[in-house]
Amino acid sequence: MPLQEMHDIGRPEVLRLTDVWKTYYGGHQAVKGISLTIGQGECLGLVGESGSGKSTLARCLLMLERMDKGEIWLNNRPLHELGTSELRNARREMQVVFQNPSGSFNSKLTIKDSLLEPIRCQNKGCPSFLGDTNNIEEEIAAKLLEKVHLPARYLNSYPSELSGGQKQRVAIARAISVEPSLIVLDEPTASLDVSIQARVLNLLKDLQEELGLSYLFISHDLSAVNFMSERLMVMQYGKMVDLCQRKELFAPERHPYTKQLLELFDVK
Ligand SMILES: Nc1ncnc2c1ncn2[C@@H]1O[C@H](COP(=O)(O)OP(=O)(O)OP(=O)(O)O)[C@@H](O)[C@H]1O
């Protein structure tokens with residue numbers, strides 16, 4: 001039985017990938033026949049060493065990279081069949097938080113303007129989870145910062161005035177601001193000091209529980225993936241080699257590579 005069929009995810013489906021393949025110019029096959037599903041309010045963890053194809057898969061599902069073949073369904077809409085303008089709208093239902101927060105901001109924009117960019121672009125008002133803000137931008141931005149535990153005084157700062165961890169918090173606030181169906185977290189803590197990493201992971205987890213967010217959490221670090229995710233998927237050389245519920249991670253039938261990662265990251 002194919003690995004992806006091992007689980008009834010037991011909740012409405014947000015994202016489904018079917019048999020996704022990606023070959024780069026020069027012939028390197030980075031993604032080889034990956035299928036997966038993510039349910040509403042679920043965090044699916046994707047782990048694998050550097051070069052295993054995790055980011056390529058993420059870029060394919062975000063339709064930033066053209067796949068060789070495969071299907072991508074978001075809220076039961078076939079993204080792989082949409083034309084450019086429909087795709088632009090559908091893509092807005094997904095937000096991404098990348099590894100390097102500095103690269104995610106325009107250095108000339110204040111934190112307030114960066115934060116409000118997606119809401120303005122999508123002509124959206126105040127996100128429902130913020131309660132009453134009278135749709136006043138200043139108030140929306142301040143409340144968004146509050147959600148990621150940053151004081152409103154940073155609204156008029158520029159990205160260069162914030163630490164890496166603070167910038168990543170702003171990137172998270174920006175991602176949740178448009179109430180997306182799915183947030184792709186691509187190594188969101190990899191560029192941060194070890195002391196800050198756990199705090200950002202805790203924040204992501206708290207927000208997921210509070211707002212019922214759906215995540216694809218990508219990392220090379222199995223302990224981080226284990227902390228964040230209800231289900232874990234393991235990639236090696238572009239293929240999915242293992243898929244399990246968190247509670248099954250230590251089961252004897254795990255793939256040898258999963259067992260290797262468990263040892264490497266000393267997951268208990
Ligand atoms: N634009 C590209 N052109 C050619 N090859 C690429 C390109 N991007 C990635 N690759 C190759 O595809 C493979 C998968 O890369 P990818 O970045 O998806 O892996 P990854 O698991 O996300 O690794 P990392 O954690 O280091 O980002 C690697 O061998 C990489 O060198």
# chains A, B, ... in the order shown; residues from 1 in each chain; ligands from 1

call {"tool": "residues_around", "arguments": {"residues": "A:Leu87", "least_positions_apart": "5", "cutoff": "12 Å", "atoms": "only C-alpha atoms", "output": "list in words"}}
result
Leu61, Leu62, Met63, Leu64, Ile72, Trp73, Leu74, Arg77, Pro78, Leu79, His80, Glu81, Leu82, Arg92, Glu93 and Met94 of chain A

call {"tool": "write_last_selection", "arguments": {"atoms": "C-alpha atoms", "output": "PDB file, in the first residue's frame"}}
result
ATOM      1  CA  LEU A  61       3.032  22.955  -4.016  1.00  0.00           C
ATOM      2  CA  LEU A  62       3.130  26.752  -3.809  1.00  0.00           C
ATOM      3  CA  MET A  63       3.218  26.684  -7.625  1.00  0.00           C
ATOM      4  CA  LEU A  64       6.454  28.702  -7.577  1.00  0.00           C
ATOM      5  CA  ILE A  72      -2.119  19.793  -6.355  1.00  0.00           C
ATOM      6  CA  TRP A  73      -5.538  20.219  -4.794  1.00  0.00           C
ATOM      7  CA  LEU A  74      -6.147  23.074  -2.370  1.00  0.00           C
ATOM      8  CA  ARG A  77      -9.573  23.022  -6.247  1.00  0.00           C
ATOM      9  CA  PRO A  78      -7.085  21.649  -8.790  1.00  0.00           C
ATOM     10  CA  LEU A  79      -4.293  24.261  -8.751  1.00  0.00           C
ATOM     11  CA  HIS A  80      -2.478  22.342 -11.498  1.00  0.00           C
ATOM     12  CA  GLU A  81      -5.361  23.091 -13.873  1.00  0.00           C
ATOM     13  CA  LEU A  82      -5.872  26.792 -13.136  1.00  0.00           C
ATOM     14  CA  ARG A  92      -3.198  33.622  -1.753  1.00  0.00           C
ATOM     15  CA  GLU A  93      -4.813  30.925   0.342  1.00  0.00           C
ATOM     16  CA  MET A  94      -1.299  29.742   1.153  1.00  0.00           C
TER      17      MET A  94
END

call {"tool": "closest_atom_pairs", "arguments": {"of": "chain A", "to": "ligand 1", "cutoff": "12 Å", "atoms": "only C-alpha atoms and all ligand atoms", "output": "JSON lines"}}
result
{"residue": "A:Trp21", "atom": "CA", "partner": "ligand 1", "partner_atom_place_in_ligand_line": "12 (O)", "distance": 11.8}
{"residue": "A:Lys22", "atom": "CA", "partner": "ligand 1", "partner_atom_place_in_ligand_line": "12 (O)", "distance": 8.9}
{"residue": "A:Thr23", "atom": "CA", "partner": "ligand 1", "partner_atom_place_in_ligand_line": "5 (N)", "distance": 8.1}
{"residue": "A:Tyr24", "atom": "CA", "partner": "ligand 1", "partner_atom_place_in_ligand_line": "4 (C)", "distance": 4.8}
{"residue": "A:Tyr25", "atom": "CA", "partner": "ligand 1", "partner_atom_place_in_ligand_line": "4 (C)", "distance": 6.0}
{"residue": "A:Gly26", "atom": "CA", "partner": "ligand 1", "partner_atom_place_in_ligand_line": "4 (C)", "distance": 7.1}
{"residue": "A:Gly27", "atom": "CA", "partner": "ligand 1", "partner_atom_place_in_ligand_line": "4 (C)", "distance": 8.4}
{"residue": "A:His28", "atom": "CA", "partner": "ligand 1", "partner_atom_place_in_ligand_line": "5 (N)", "distance": 6.4}
{"residue": "A:Gln29", "atom": "CA", "partner": "ligand 1", "partner_atom_place_in_ligand_line": "12 (O)", "distance": 7.1}
{"residue": "A:Ala30", "atom": "CA", "partner": "ligand 1", "partner_atom_place_in_ligand_line": "12 (O)", "distance": 4.5}
{"residue": "A:Val31", "atom": "CA", "partner": "ligand 1", "partner_atom_place_in_ligand_line": "14 (C)", "distance": 7.5}
{"residue": "A:Lys32", "atom": "CA", "partner": "ligand 1", "partner_atom_place_in_ligand_line": "14 (C)", "distance": 10.7}
{"residue": "A:Leu46", "atom": "CA", "partner": "ligand 1", "partner_atom_place_in_ligand_line": "21 (O)", "distance": 9.4}
{"residue": "A:Val47", "atom": "CA", "partner": "ligand 1", "partner_atom_place_in_ligand_line": "21 (O)", "distance": 8.1}
{"residue": "A:Gly48", "atom": "CA", "partner": "ligand 1", "partner_atom_place_in_ligand_line": "21 (O)", "distance": 6.1}
{"residue": "A:Glu49", "atom": "CA", "partner": "ligand 1", "partner_atom_place_in_ligand_line": "21 (O)", "distance": 5.8}
{"residue": "A:Ser50", "atom": "CA", "partner": "ligand 1", "partner_atom_place_in_ligand_line": "26 (O)", "distance": 3.6}
{"residue": "A:Gly51", "atom": "CA", "partner": "ligand 1", "partner_atom_place_in_ligand_line": "19 (O)", "distance": 3.5}
{"residue": "A:Ser52", "atom": "CA", "partner": "ligand 1", "partner_atom_place_in_ligand_line": "21 (O)", "distance": 3.8}
{"residue": "A:Gly53", "atom": "CA", "partner": "ligand 1", "partner_atom_place_in_ligand_line": "18 (O)", "distance": 3.3}
{"residue": "A:Lys54", "atom": "CA", "partner": "ligand 1", "partner_atom_place_in_ligand_line": "22 (O)", "distance": 3.9}
{"residue": "A:Ser55", "atom": "CA", "partner": "ligand 1", "partner_atom_place_in_ligand_line": "22 (O)", "distance": 3.6}
{"residue": "A:Thr56", "atom": "CA", "partner": "ligand 1", "partner_atom_place_in_ligand_line": "18 (O)", "distance": 3.6}
{"residue": "A:Leu57", "atom": "CA", "partner": "ligand 1", "partner_atom_place_in_ligand_line": "18 (O)", "distance": 6.4}
{"residue": "A:Ala58", "atom": "CA", "partner": "ligand 1", "partner_atom_place_in_ligand_line": "18 (O)", "distance": 7.9}
{"residue": "A:Arg59", "atom": "CA", "partner": "ligand 1", "partner_atom_place_in_ligand_line": "18 (O)", "distance": 8.3}
{"residue": "A:Cys60", "atom": "CA", "partner": "ligand 1", "partner_atom_place_in_ligand_line": "18 (O)", "distance": 9.7}
{"residue": "A:Leu64", "atom": "CA", "partner": "ligand 1", "partner_atom_place_in_ligand_line": "1 (N)", "distance": 11.4}
{"residue": "A:Glu65", "atom": "CA", "partner": "ligand 1", "partner_atom_place_in_ligand_line": "1 (N)", "distance": 9.1}
{"residue": "A:Arg66", "atom": "CA", "partner": "ligand 1", "partner_atom_place_in_ligand_line": "1 (N)", "distance": 11.2}
{"residue": "A:Phe98", "atom": "CA", "partner": "ligand 1", "partner_atom_place_in_ligand_line": "27 (O)", "distance": 10.5}
{"residue": "A:Gln99", "atom": "CA", "partner": "ligand 1", "partner_atom_place_in_ligand_line": "27 (O)", "distance": 9.2}
{"residue": "A:Asn100", "atom": "CA", "partner": "ligand 1", "partner_atom_place_in_ligand_line": "27 (O)", "distance": 11.5}
{"residue": "A:Leu185", "atom": "CA", "partner": "ligand 1", "partner_atom_place_in_ligand_line": "22 (O)", "distance": 11.8}
{"residue": "A:Asp186", "atom": "CA", "partner": "ligand 1", "partner_atom_place_in_ligand_line": "22 (O)", "distance": 8.3}
{"residue": "A:Glu187", "atom": "CA", "partner": "ligand 1", "partner_atom_place_in_ligand_line": "25 (O)", "distance": 7.6}
{"residue": "A:Pro188", "atom": "CA", "partner": "ligand 1", "partner_atom_place_in_ligand_line": "25 (O)", "distance": 11.3}
{"residue": "A:Ala190", "atom": "CA", "partner": "ligand 1", "partner_atom_place_in_ligand_line": "25 (O)", "distance": 9.5}
{"residue": "A:Ser191", "atom": "CA", "partner": "ligand 1", "partner_atom_place_in_ligand_line": "25 (O)", "distance": 11.8}
{"residue": "A:Phe217", "atom": "CA", "partner": "ligand 1", "partner_atom_place_in_ligand_line": "22 (O)", "distance": 11.9}
{"residue": "A:Ile218", "atom": "CA", "partner": "ligand 1", "partner_atom_place_in_ligand_line": "22 (O)", "distance": 8.3}
{"residue": "A:Ser219", "atom": "CA", "partner": "ligand 1", "partner_atom_place_in_ligand_line": "25 (O)", "distance": 7.0}
{"residue": "A:His220", "atom": "CA", "partner": "ligand 1", "partner_atom_place_in_ligand_line": "25 (O)", "distance": 6.1}
{"residue": "A:Asp221", "atom": "CA", "partner": "ligand 1", "partner_atom_place_in_ligand_line": "25 (O)", "distance": 9.7}
{"residue": "A:Val234", "atom": "CA", "partner": "ligand 1", "partner_atom_place_in_ligand_line": "21 (O)", "distance": 10.5}
{"residue": "A:Met235", "atom": "CA", "partner": "ligand 1", "partner_atom_place_in_ligand_line": "21 (O)", "distance": 7.9}
{"residue": "A:Gln236", "atom": "CA", "partner": "ligand 1", "partner_atom_place_in_ligand_line": "21 (O)", "distance": 8.3}
{"residue": "A:Tyr237", "atom": "CA", "partner": "ligand 1", "partner_atom_place_in_ligand_line": "14 (C)", "distance": 7.9}
{"residue": "A:Gly238", "atom": "CA", "partner": "ligand 1", "partner_atom_place_in_ligand_line": "14 (C)", "distance": 7.1}
{"residue": "A:Lys239", "atom": "CA", "partner": "ligand 1", "partner_atom_place_in_ligand_line": "21 (O)", "distance": 10.7}
{"residue": "A:Met240", "atom": "CA", "partner": "ligand 1", "partner_atom_place_in_ligand_line": "21 (O)", "distance": 11.7}

call {"tool": "residues_around", "arguments": {"residues": "A:Lys124", "least_positions_apart": "3", "cutoff": "12 Å", "atoms": "only C-alpha atoms", "output": "PyMOL selection string"}}
result
chain A and resi 92+116-121+127-128+135+137+140+177-180

call {"tool": "select_by_dssp", "arguments": {"residues": "stretch 119-202 of chain A", "states": "strand (DSSP E or B)", "output": "number ranges by chain"}}
result
A: 182-186

call {"tool": "residues_around", "arguments": {"residues": "A:Thr110", "least_positions_apart": "6", "cutoff": "9 Å", "atoms": "only C-alpha atoms", "output": "list of chain:residue names"}}
result
A:Tyr154, A:Leu155, A:Asn156, A:Ser157, A:Tyr158, A:Pro159

call {"tool": "atom_distance", "arguments": {"atom1": "atom CA of A:Thr18", "atom2": "atom CA of A:Ala224"}}
result
26.0 Å
